[in-house]
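J.: You'll find start-v3.cif just under this line, and it carries mmCIF, N, CA, C and O atoms.
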```cif
data_input
#
loop_
_atom_site.label_atom_id
_atom_site.label_comp_id
_atom_site.auth_asym_id
_atom_site.auth_seq_id
_atom_site.Cartn_x
_atom_site.Cartn_y
_atom_site.Cartn_z
N MET A 1 -31.64 -13.91 -1.79
CA MET A 1 -30.39 -14.31 -1.17
C MET A 1 -30.64 -15.58 -0.35
O MET A 1 -31.52 -15.60 0.50
N ASN A 2 -29.86 -16.64 -0.63
CA ASN A 2 -30.06 -17.88 0.11
C ASN A 2 -29.33 -17.85 1.46
O ASN A 2 -28.62 -16.89 1.79
N LYS A 3 -29.50 -18.91 2.24
CA LYS A 3 -28.94 -18.97 3.58
C LYS A 3 -27.42 -18.87 3.57
O LYS A 3 -26.83 -18.18 4.41
N MET A 4 -26.78 -19.53 2.61
CA MET A 4 -25.32 -19.49 2.53
C MET A 4 -24.83 -18.08 2.22
O MET A 4 -23.87 -17.60 2.82
N ASP A 5 -25.49 -17.42 1.28
CA ASP A 5 -25.11 -16.04 0.95
C ASP A 5 -25.27 -15.11 2.15
O ASP A 5 -24.45 -14.23 2.39
N THR A 6 -26.34 -15.34 2.92
CA THR A 6 -26.58 -14.54 4.12
C THR A 6 -25.46 -14.76 5.13
O THR A 6 -24.94 -13.80 5.73
N LYS A 7 -25.05 -16.02 5.32
CA LYS A 7 -23.96 -16.34 6.24
C LYS A 7 -22.64 -15.73 5.77
O LYS A 7 -21.86 -15.22 6.57
N LYS A 8 -22.39 -15.78 4.46
CA LYS A 8 -21.16 -15.18 3.92
C LYS A 8 -21.14 -13.68 4.20
O LYS A 8 -20.12 -13.12 4.60
N LYS A 9 -22.30 -13.04 4.00
CA LYS A 9 -22.38 -11.61 4.26
C LYS A 9 -22.14 -11.32 5.75
O LYS A 9 -21.41 -10.40 6.10
N GLN A 10 -22.70 -12.15 6.61
CA GLN A 10 -22.51 -11.98 8.05
C GLN A 10 -21.04 -12.14 8.44
O GLN A 10 -20.53 -11.35 9.23
N VAL A 11 -20.40 -13.14 7.89
CA VAL A 11 -19.00 -13.37 8.26
C VAL A 11 -18.11 -12.26 7.71
O VAL A 11 -17.16 -11.82 8.38
N LEU A 12 -18.42 -11.75 6.54
CA LEU A 12 -17.63 -10.64 5.99
C LEU A 12 -17.79 -9.38 6.83
O LEU A 12 -16.81 -8.67 7.09
N GLU A 13 -19.01 -9.11 7.27
CA GLU A 13 -19.24 -7.95 8.14
C GLU A 13 -18.50 -8.12 9.47
O GLU A 13 -17.89 -7.18 9.97
N ALA A 14 -18.55 -9.32 10.02
CA ALA A 14 -17.86 -9.59 11.28
C ALA A 14 -16.34 -9.54 11.09
O ALA A 14 -15.61 -9.07 11.97
N LEU A 15 -15.88 -9.99 9.95
CA LEU A 15 -14.44 -9.95 9.65
C LEU A 15 -13.96 -8.50 9.56
O LEU A 15 -12.89 -8.16 10.06
N GLU A 16 -14.77 -7.66 8.98
CA GLU A 16 -14.43 -6.24 8.89
C GLU A 16 -14.40 -5.60 10.28
O GLU A 16 -13.48 -4.85 10.61
N ARG A 17 -15.37 -5.92 11.10
CA ARG A 17 -15.41 -5.37 12.46
C ARG A 17 -14.22 -5.83 13.29
O ARG A 17 -13.72 -5.10 14.14
N SER A 18 -13.75 -7.05 13.05
CA SER A 18 -12.65 -7.62 13.83
C SER A 18 -11.28 -7.34 13.21
O SER A 18 -10.28 -7.87 13.67
N LEU A 19 -11.26 -6.52 12.16
CA LEU A 19 -10.02 -6.20 11.43
C LEU A 19 -9.33 -7.45 10.90
O LEU A 19 -8.11 -7.57 10.93
N GLY A 20 -10.14 -8.41 10.45
CA GLY A 20 -9.59 -9.59 9.79
C GLY A 20 -9.31 -10.77 10.68
O GLY A 20 -8.73 -11.76 10.23
N VAL A 21 -9.72 -10.74 11.94
CA VAL A 21 -9.48 -11.87 12.84
C VAL A 21 -10.55 -12.94 12.55
O VAL A 21 -11.73 -12.76 12.88
N VAL A 22 -10.09 -14.03 11.95
CA VAL A 22 -11.01 -15.06 11.47
C VAL A 22 -11.80 -15.70 12.60
O VAL A 22 -13.02 -15.85 12.51
N THR A 23 -11.14 -16.08 13.68
CA THR A 23 -11.82 -16.75 14.78
C THR A 23 -12.97 -15.90 15.32
O THR A 23 -14.08 -16.40 15.54
N THR A 24 -12.70 -14.63 15.52
CA THR A 24 -13.74 -13.72 16.01
C THR A 24 -14.90 -13.63 15.02
O THR A 24 -16.07 -13.67 15.41
N ALA A 25 -14.58 -13.53 13.74
CA ALA A 25 -15.61 -13.38 12.72
C ALA A 25 -16.48 -14.62 12.57
O ALA A 25 -17.71 -14.51 12.48
N VAL A 26 -15.86 -15.79 12.55
CA VAL A 26 -16.66 -17.01 12.36
C VAL A 26 -17.54 -17.28 13.57
O VAL A 26 -18.67 -17.74 13.42
N LYS A 27 -17.05 -16.96 14.76
CA LYS A 27 -17.88 -17.13 15.96
C LYS A 27 -19.08 -16.19 15.91
O LYS A 27 -20.21 -16.59 16.22
N ALA A 28 -18.83 -14.95 15.50
CA ALA A 28 -19.93 -13.97 15.42
C ALA A 28 -20.97 -14.38 14.38
O ALA A 28 -22.17 -14.14 14.56
N ALA A 29 -20.51 -15.00 13.30
CA ALA A 29 -21.43 -15.40 12.22
C ALA A 29 -22.03 -16.78 12.44
O ALA A 29 -22.94 -17.19 11.72
N GLY A 30 -21.50 -17.51 13.42
CA GLY A 30 -22.04 -18.83 13.71
C GLY A 30 -21.66 -19.90 12.70
O GLY A 30 -22.47 -20.79 12.40
N ILE A 31 -20.45 -19.80 12.17
CA ILE A 31 -19.97 -20.83 11.24
C ILE A 31 -18.63 -21.38 11.77
O ILE A 31 -18.01 -20.79 12.65
N SER A 32 -18.19 -22.47 11.19
CA SER A 32 -16.91 -23.05 11.59
C SER A 32 -15.76 -22.45 10.77
O SER A 32 -15.99 -21.91 9.68
N ARG A 33 -14.55 -22.58 11.31
CA ARG A 33 -13.38 -22.12 10.56
C ARG A 33 -13.24 -22.91 9.25
O ARG A 33 -12.88 -22.36 8.23
N SER A 34 -13.55 -24.19 9.30
CA SER A 34 -13.42 -25.01 8.08
C SER A 34 -14.39 -24.53 7.00
O SER A 34 -14.05 -24.53 5.81
N THR A 35 -15.59 -24.13 7.40
CA THR A 35 -16.54 -23.58 6.43
C THR A 35 -15.98 -22.30 5.81
O THR A 35 -16.01 -22.10 4.60
N PHE A 36 -15.43 -21.44 6.66
CA PHE A 36 -14.83 -20.18 6.18
C PHE A 36 -13.75 -20.48 5.14
O PHE A 36 -13.73 -19.90 4.05
N TYR A 37 -12.81 -21.39 5.48
CA TYR A 37 -11.72 -21.67 4.56
C TYR A 37 -12.18 -22.41 3.31
O TYR A 37 -11.59 -22.25 2.23
N ASN A 38 -13.25 -23.18 3.42
CA ASN A 38 -13.84 -23.81 2.24
C ASN A 38 -14.39 -22.74 1.30
O ASN A 38 -14.17 -22.80 0.09
N TRP A 39 -15.11 -21.77 1.83
CA TRP A 39 -15.63 -20.67 1.02
C TRP A 39 -14.48 -19.88 0.40
O TRP A 39 -14.54 -19.50 -0.76
N LEU A 40 -13.45 -19.66 1.18
CA LEU A 40 -12.30 -18.90 0.70
C LEU A 40 -11.66 -19.59 -0.50
O LEU A 40 -11.24 -18.94 -1.47
N GLU A 41 -11.61 -20.90 -0.45
CA GLU A 41 -10.98 -21.68 -1.53
C GLU A 41 -11.87 -21.79 -2.77
O GLU A 41 -11.38 -21.74 -3.89
N LYS A 42 -13.16 -21.89 -2.56
CA LYS A 42 -14.06 -22.22 -3.67
C LYS A 42 -14.86 -21.04 -4.24
O LYS A 42 -15.45 -21.17 -5.30
N ASP A 43 -14.87 -19.91 -3.54
CA ASP A 43 -15.68 -18.77 -3.98
C ASP A 43 -14.76 -17.57 -4.21
O ASP A 43 -14.33 -16.91 -3.26
N ALA A 44 -14.46 -17.29 -5.46
CA ALA A 44 -13.51 -16.23 -5.81
C ALA A 44 -13.99 -14.86 -5.35
O ALA A 44 -13.17 -14.04 -4.91
N ASP A 45 -15.28 -14.61 -5.43
CA ASP A 45 -15.80 -13.31 -4.97
C ASP A 45 -15.62 -13.15 -3.47
O ASP A 45 -15.21 -12.10 -2.99
N PHE A 46 -15.92 -14.20 -2.73
CA PHE A 46 -15.74 -14.19 -1.29
C PHE A 46 -14.26 -13.97 -0.96
O PHE A 46 -13.92 -13.14 -0.10
N ALA A 47 -13.38 -14.68 -1.65
CA ALA A 47 -11.93 -14.55 -1.42
C ALA A 47 -11.45 -13.12 -1.69
O ALA A 47 -10.63 -12.59 -0.94
N ARG A 48 -11.97 -12.49 -2.74
CA ARG A 48 -11.60 -11.10 -3.04
C ARG A 48 -12.04 -10.16 -1.92
O ARG A 48 -11.30 -9.25 -1.54
N GLU A 49 -13.23 -10.39 -1.42
CA GLU A 49 -13.72 -9.53 -0.34
C GLU A 49 -12.91 -9.72 0.94
O GLU A 49 -12.61 -8.76 1.64
N VAL A 50 -12.52 -10.96 1.23
CA VAL A 50 -11.68 -11.24 2.39
C VAL A 50 -10.33 -10.55 2.22
O VAL A 50 -9.82 -9.92 3.15
N LYS A 51 -9.76 -10.65 1.04
CA LYS A 51 -8.47 -10.01 0.76
C LYS A 51 -8.58 -8.50 0.94
O LYS A 51 -7.67 -7.86 1.50
N ASP A 52 -9.66 -7.91 0.50
CA ASP A 52 -9.88 -6.47 0.66
C ASP A 52 -9.93 -6.09 2.14
O ASP A 52 -9.36 -5.08 2.55
N ILE A 53 -10.59 -6.91 2.93
CA ILE A 53 -10.66 -6.65 4.37
C ILE A 53 -9.27 -6.77 5.00
O ILE A 53 -8.90 -5.96 5.86
N GLU A 54 -8.49 -7.74 4.57
CA GLU A 54 -7.12 -7.88 5.07
C GLU A 54 -6.30 -6.64 4.74
O GLU A 54 -5.52 -6.16 5.57
N GLU A 55 -6.47 -6.11 3.55
CA GLU A 55 -5.76 -4.89 3.14
C GLU A 55 -6.19 -3.70 3.98
O GLU A 55 -5.37 -2.86 4.36
N GLN A 56 -7.48 -3.63 4.30
CA GLN A 56 -7.99 -2.55 5.16
C GLN A 56 -7.35 -2.63 6.55
O GLN A 56 -7.00 -1.60 7.15
N ALA A 57 -7.18 -3.84 7.06
CA ALA A 57 -6.56 -4.03 8.37
C ALA A 57 -5.10 -3.57 8.35
O ALA A 57 -4.62 -2.94 9.30
N ILE A 58 -4.40 -3.86 7.26
CA ILE A 58 -3.02 -3.41 7.13
C ILE A 58 -2.97 -1.89 7.04
O ILE A 58 -2.12 -1.24 7.67
N ASP A 59 -3.89 -1.30 6.29
CA ASP A 59 -3.97 0.16 6.21
C ASP A 59 -4.18 0.77 7.60
O ASP A 59 -3.55 1.77 7.95
N PHE A 60 -5.05 0.15 8.38
CA PHE A 60 -5.31 0.64 9.73
C PHE A 60 -4.03 0.58 10.58
O PHE A 60 -3.68 1.54 11.26
N SER A 61 -3.33 -0.56 10.50
CA SER A 61 -2.08 -0.71 11.26
C SER A 61 -1.04 0.30 10.82
O SER A 61 -0.33 0.87 11.66
N GLU A 62 -0.94 0.52 9.52
CA GLU A 62 0.01 1.52 9.02
C GLU A 62 -0.33 2.91 9.53
O GLU A 62 0.57 3.67 9.90
N SER A 63 -1.61 3.22 9.59
CA SER A 63 -1.98 4.55 10.09
C SER A 63 -1.58 4.69 11.55
O SER A 63 -1.13 5.77 11.97
N LYS A 64 -1.71 3.63 12.34
CA LYS A 64 -1.29 3.66 13.74
C LYS A 64 0.23 3.80 13.84
O LYS A 64 0.74 4.53 14.70
N LEU A 65 0.95 3.12 12.95
CA LEU A 65 2.41 3.25 12.93
C LEU A 65 2.81 4.69 12.63
O LEU A 65 3.68 5.25 13.31
N PHE A 66 2.17 5.31 11.65
CA PHE A 66 2.50 6.69 11.31
C PHE A 66 2.13 7.65 12.43
O PHE A 66 2.81 8.66 12.63
N GLN A 67 1.08 7.34 13.19
CA GLN A 67 0.76 8.15 14.36
C GLN A 67 1.90 8.09 15.38
O GLN A 67 2.31 9.10 15.94
N LEU A 68 2.42 6.88 15.59
CA LEU A 68 3.54 6.73 16.52
C LEU A 68 4.78 7.46 16.03
O LEU A 68 5.51 8.07 16.82
N ILE A 69 5.03 7.38 14.73
CA ILE A 69 6.18 8.10 14.17
C ILE A 69 6.01 9.60 14.38
O ILE A 69 6.95 10.29 14.78
N ALA A 70 4.82 10.11 14.16
CA ALA A 70 4.54 11.54 14.37
C ALA A 70 4.74 11.94 15.83
O ALA A 70 5.13 13.07 16.12
N GLU A 71 4.52 10.98 16.74
CA GLU A 71 4.72 11.24 18.16
C GLU A 71 6.17 11.02 18.59
O GLU A 71 6.48 11.01 19.77
N LYS A 72 7.04 10.82 17.59
CA LYS A 72 8.48 10.64 17.81
C LYS A 72 8.83 9.36 18.57
O LYS A 72 9.80 9.32 19.33
N ASP A 73 8.06 8.31 18.34
CA ASP A 73 8.35 7.01 18.94
C ASP A 73 9.53 6.39 18.18
O ASP A 73 9.41 6.04 17.01
N LYS A 74 10.68 6.29 18.84
CA LYS A 74 11.90 5.84 18.17
C LYS A 74 11.77 4.42 17.62
O LYS A 74 12.26 4.13 16.53
N THR A 75 11.13 3.55 18.37
CA THR A 75 10.96 2.18 17.90
C THR A 75 10.15 2.13 16.62
O THR A 75 10.48 1.38 15.70
N ALA A 76 9.11 2.93 16.53
CA ALA A 76 8.29 2.97 15.32
C ALA A 76 9.09 3.50 14.14
O ALA A 76 8.98 2.98 13.03
N VAL A 77 9.91 4.53 14.38
CA VAL A 77 10.74 5.08 13.31
C VAL A 77 11.72 4.02 12.82
O VAL A 77 11.87 3.80 11.60
N ILE A 78 12.39 3.35 13.74
CA ILE A 78 13.37 2.31 13.36
C ILE A 78 12.69 1.19 12.60
O ILE A 78 13.17 0.73 11.56
N PHE A 79 11.54 0.73 13.10
CA PHE A 79 10.81 -0.34 12.42
C PHE A 79 10.46 0.06 10.99
O PHE A 79 10.66 -0.70 10.05
N HIS A 80 9.95 1.26 10.84
CA HIS A 80 9.55 1.72 9.50
C HIS A 80 10.75 1.77 8.57
O HIS A 80 10.68 1.32 7.42
N LEU A 81 11.86 2.31 9.04
CA LEU A 81 13.04 2.40 8.19
C LEU A 81 13.59 1.02 7.84
O LEU A 81 14.01 0.79 6.70
N LYS A 82 13.58 0.09 8.79
CA LYS A 82 14.08 -1.27 8.52
C LYS A 82 13.20 -2.01 7.52
O LYS A 82 13.69 -2.86 6.78
N THR A 83 11.90 -1.72 7.51
CA THR A 83 11.01 -2.45 6.62
C THR A 83 10.76 -1.73 5.30
O THR A 83 10.66 -2.38 4.26
N LYS A 84 10.69 -0.41 5.32
CA LYS A 84 10.38 0.34 4.10
C LYS A 84 11.58 1.09 3.54
O LYS A 84 11.54 1.53 2.41
N GLY A 85 12.63 1.24 4.34
CA GLY A 85 13.79 2.02 3.90
C GLY A 85 14.98 1.19 3.49
O GLY A 85 16.11 1.70 3.41
N LYS A 86 14.77 -0.09 3.21
CA LYS A 86 15.88 -0.98 2.85
C LYS A 86 16.66 -0.47 1.64
O LYS A 86 17.87 -0.55 1.60
N SER A 87 15.95 0.05 0.66
CA SER A 87 16.62 0.50 -0.57
C SER A 87 17.52 1.70 -0.31
O SER A 87 18.38 2.03 -1.13
N ARG A 88 17.36 2.35 0.84
CA ARG A 88 18.19 3.49 1.20
C ARG A 88 19.27 3.12 2.20
O ARG A 88 19.93 3.98 2.77
N GLY A 89 19.42 1.82 2.45
CA GLY A 89 20.50 1.35 3.31
C GLY A 89 20.12 1.12 4.75
O GLY A 89 20.98 0.83 5.58
N TYR A 90 18.85 1.24 5.09
CA TYR A 90 18.43 1.01 6.47
C TYR A 90 18.17 -0.47 6.69
O TYR A 90 17.05 -0.94 6.75
N VAL A 91 19.27 -1.21 6.78
CA VAL A 91 19.20 -2.66 7.01
C VAL A 91 20.24 -3.04 8.04
O VAL A 91 21.24 -2.34 8.22
N GLU A 92 19.98 -4.12 8.70
CA GLU A 92 20.98 -4.69 9.59
C GLU A 92 21.57 -5.87 8.86
O GLU A 92 20.85 -6.71 8.34
N GLY A 93 22.89 -5.93 8.82
CA GLY A 93 23.54 -7.02 8.10
C GLY A 93 24.24 -7.96 9.05
O GLY A 93 24.49 -7.65 10.21
N GLN A 94 24.56 -9.13 8.55
CA GLN A 94 25.32 -10.12 9.29
C GLN A 94 26.49 -10.55 8.43
O GLN A 94 26.33 -10.73 7.22
N ASP A 95 27.63 -10.70 9.06
CA ASP A 95 28.78 -11.26 8.36
C ASP A 95 28.74 -12.76 8.53
O ASP A 95 28.71 -13.27 9.65
N ILE A 96 28.73 -13.47 7.42
CA ILE A 96 28.69 -14.93 7.46
C ILE A 96 29.92 -15.44 6.72
O ILE A 96 30.18 -15.05 5.58
N HIS A 97 30.68 -16.29 7.40
CA HIS A 97 31.87 -16.88 6.80
C HIS A 97 31.59 -18.35 6.51
O HIS A 97 31.16 -19.08 7.39
N ILE A 98 31.84 -18.74 5.29
CA ILE A 98 31.58 -20.12 4.88
C ILE A 98 32.90 -20.74 4.47
O ILE A 98 33.64 -20.18 3.65
N SER A 99 33.18 -21.91 5.03
CA SER A 99 34.41 -22.61 4.65
C SER A 99 34.13 -23.49 3.45
O SER A 99 32.98 -23.86 3.18
N GLN A 100 35.17 -23.84 2.73
CA GLN A 100 35.01 -24.67 1.54
C GLN A 100 35.49 -26.08 1.83
O GLN A 100 36.54 -26.27 2.45
N GLY A 101 34.74 -27.06 1.36
CA GLY A 101 35.13 -28.45 1.49
C GLY A 101 35.33 -28.86 2.93
O GLY A 101 34.58 -28.48 3.81
N ASN A 102 36.39 -29.65 3.15
CA ASN A 102 36.68 -30.16 4.49
C ASN A 102 37.67 -29.27 5.23
O ASN A 102 38.18 -29.67 6.27
N GLN A 103 37.97 -28.12 4.69
CA GLN A 103 38.92 -27.24 5.34
C GLN A 103 38.34 -26.71 6.63
O GLN A 103 37.17 -26.36 6.71
N LYS A 104 39.17 -26.64 7.63
CA LYS A 104 38.77 -26.11 8.93
C LYS A 104 38.90 -24.59 8.86
O LYS A 104 39.92 -24.08 8.40
N PRO A 105 37.91 -23.84 9.32
CA PRO A 105 38.03 -22.38 9.32
C PRO A 105 39.24 -21.95 10.16
O PRO A 105 39.54 -22.55 11.19
N SER A 106 39.92 -20.89 9.71
CA SER A 106 41.12 -20.44 10.39
C SER A 106 40.85 -20.02 11.82
O SER A 106 41.72 -20.17 12.68
N TRP A 107 39.68 -19.53 12.11
CA TRP A 107 39.39 -19.10 13.46
C TRP A 107 39.34 -20.25 14.44
O TRP A 107 39.53 -20.07 15.63
N LEU A 108 39.15 -21.50 13.93
CA LEU A 108 39.18 -22.65 14.82
C LEU A 108 40.58 -22.92 15.33
O LEU A 108 40.77 -23.36 16.45
N ASP A 109 41.58 -22.65 14.50
CA ASP A 109 42.98 -22.82 14.92
C ASP A 109 43.30 -21.90 16.09
O ASP A 109 44.00 -22.28 17.02
N GLU A 110 42.76 -20.70 16.03
CA GLU A 110 43.02 -19.71 17.08
C GLU A 110 42.34 -20.10 18.39
O GLU A 110 42.82 -19.78 19.45
N ALA A 111 41.21 -20.80 18.31
CA ALA A 111 40.45 -21.13 19.50
C ALA A 111 41.05 -22.32 20.25
O ALA A 111 40.78 -22.51 21.42
N THR A 112 41.85 -23.15 19.56
CA THR A 112 42.39 -24.33 20.22
C THR A 112 43.80 -24.13 20.70
O THR A 112 44.47 -23.21 20.43
#
```
Re-express the file's structure as structure tokens.
T.:
Amino acid sequence: MNKMDTKKKQVLEALERSLGVVTTAVKAAGISRSTFYNWLEKDADFAREVKDIEEQAIDFSESKLFQLIAEKDKTAVIFHLKTKGKSRGYVEGQDIHISQGNQKPSWLDEAT
């Protein structure tokens, strides 16, 4: 294993420990952010491993969200339904009125 491979392994281990926080990982491994992003762009295996760590971090966050839901945290329940329950109608909508051409919206007449 050459020096670069050793550094990549170190940064991946640090990235896993930091749950995907790049700044923390590159500092721990002693490399620059630009080096990290260069490896990410040019090394497909490295990029796959980074992506896997990112997915692990999301899994961790989801498990914490489900813990909050189990504890009856209303905000967590609402957040989950708004993000994962859209297909069941758990969305917030906005009414948007668009006028056509140069016509003034009728509500402007009422305001003046």
J.: Would you pick out the contacts of Ala25 of chain A at 5 Å or less, using all atoms listed in the file, so that residues sharing its chain but fewer than 3 positions from it are not included, and give the list as a list in words?
T.: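 Returned residues: Val11, Ala14, Leu15, Val21, Val22, Ala28, Ala29 and Gly30 of chain A.
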J.: Store the residues picked out above, limited to N, CA, C and O atoms, as an mmCIF file, in the coordinates of the input.
T.:
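After the write, part_0.cif holds the following:
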```cif
data_model
loop_
_atom_site.group_PDB
_atom_site.id
_atom_site.type_symbol
_atom_site.label_atom_id
_atom_site.label_comp_id
_atom_site.auth_asym_id
_atom_site.auth_seq_id
_atom_site.Cartn_x
_atom_site.Cartn_y
_atom_site.Cartn_z
ATOM 1 N N VAL A 11 -20.400 -13.140 7.890
ATOM 2 C CA VAL A 11 -19.000 -13.370 8.260
ATOM 3 C C VAL A 11 -18.110 -12.260 7.710
ATOM 4 O O VAL A 11 -17.160 -11.820 8.380
ATOM 5 N N ALA A 14 -18.550 -9.320 10.020
ATOM 6 C CA ALA A 14 -17.860 -9.590 11.280
ATOM 7 C C ALA A 14 -16.340 -9.540 11.090
ATOM 8 O O ALA A 14 -15.610 -9.070 11.970
ATOM 9 N N LEU A 15 -15.880 -9.990 9.950
ATOM 10 C CA LEU A 15 -14.440 -9.950 9.650
ATOM 11 C C LEU A 15 -13.960 -8.500 9.560
ATOM 12 O O LEU A 15 -12.890 -8.160 10.060
ATOM 13 N N VAL A 21 -9.720 -10.740 11.940
ATOM 14 C CA VAL A 21 -9.480 -11.870 12.840
ATOM 15 C C VAL A 21 -10.550 -12.940 12.550
ATOM 16 O O VAL A 21 -11.730 -12.760 12.880
ATOM 17 N N VAL A 22 -10.090 -14.030 11.950
ATOM 18 C CA VAL A 22 -11.010 -15.060 11.470
ATOM 19 C C VAL A 22 -11.800 -15.700 12.600
ATOM 20 O O VAL A 22 -13.020 -15.850 12.510
ATOM 21 N N ALA A 28 -18.830 -14.950 15.500
ATOM 22 C CA ALA A 28 -19.930 -13.970 15.420
ATOM 23 C C ALA A 28 -20.970 -14.380 14.380
ATOM 24 O O ALA A 28 -22.170 -14.140 14.560
ATOM 25 N N ALA A 29 -20.510 -15.000 13.300
ATOM 26 C CA ALA A 29 -21.430 -15.400 12.220
ATOM 27 C C ALA A 29 -22.030 -16.780 12.440
ATOM 28 O O ALA A 29 -22.940 -17.190 11.720
ATOM 29 N N GLY A 30 -21.500 -17.510 13.420
ATOM 30 C CA GLY A 30 -22.040 -18.830 13.710
ATOM 31 C C GLY A 30 -21.660 -19.900 12.700
ATOM 32 O O GLY A 30 -22.470 -20.790 12.400
#
```
J.: Which residues in chain A does DSSP call alpha helix (DSSP H)? List them as a ChimeraX atom specification.
T.: /A:3-17,22-29,33-42,44-70,74-84,106-111
J.: Counting all atoms listed in the file, what is within 8 Å of Leu19 of chain A, bar same-chain residues fewer than 4 positions away, as a PyMOL selection string?
T.: chain A and resi 12-15+25+53-58
J.: Which distance in Å separates atom CA of Lys27 of chain A and atom N of Asp5 of chain A, to one decimal?
T.: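 That distance, rounded to one decimal, is 16.5 Å.
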J.: Please report the interatomic distance between atom CA of Val91 of chain A and atom CA of Val77 of chain A in Å with one decimal.
T.: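 These atoms are spaced 13.1 Å apart.
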J.: Starting from the shown file, work through the PyMOL selection byres (((chain A and resi 38-46 and name CA) around 12) and name CA) and note down what comes out as an NGL selection string.
T.: :A and (4-5 or 7-13 or 15 or 22 or 26 or 31-37 or 47-53)
J.: Just how far from atom O of Gly85 of chain A is atom CA of Leu68 of chain A, in Å to one decimal?
T.: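 If I compute the distance from atom CA of Leu68 of chain A to atom O of Gly85 of chain A, I get 18.8 Å.
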J.: Each side padded by 6 Å, which centre and which edge lengths in Å (one decimal) define the axis-aligned box around the listed atoms of segment 28-33 of chain A? Give them as AutoDock Vina command-line options.
T.:
```
--center_x -17.9 --center_y -18.5 --center_z 11.9 --size_x 22.1 --size_y 21.1 --size_z 19.3
```
J.: Let me make sure I understand: among A:Tyr90, A:Ser18, A:Phe66, A:Lys3, which one has the smallest atom-to-atom distance to Ile78 of chain A if we use only C-alpha atoms?
T.: A:Tyr90
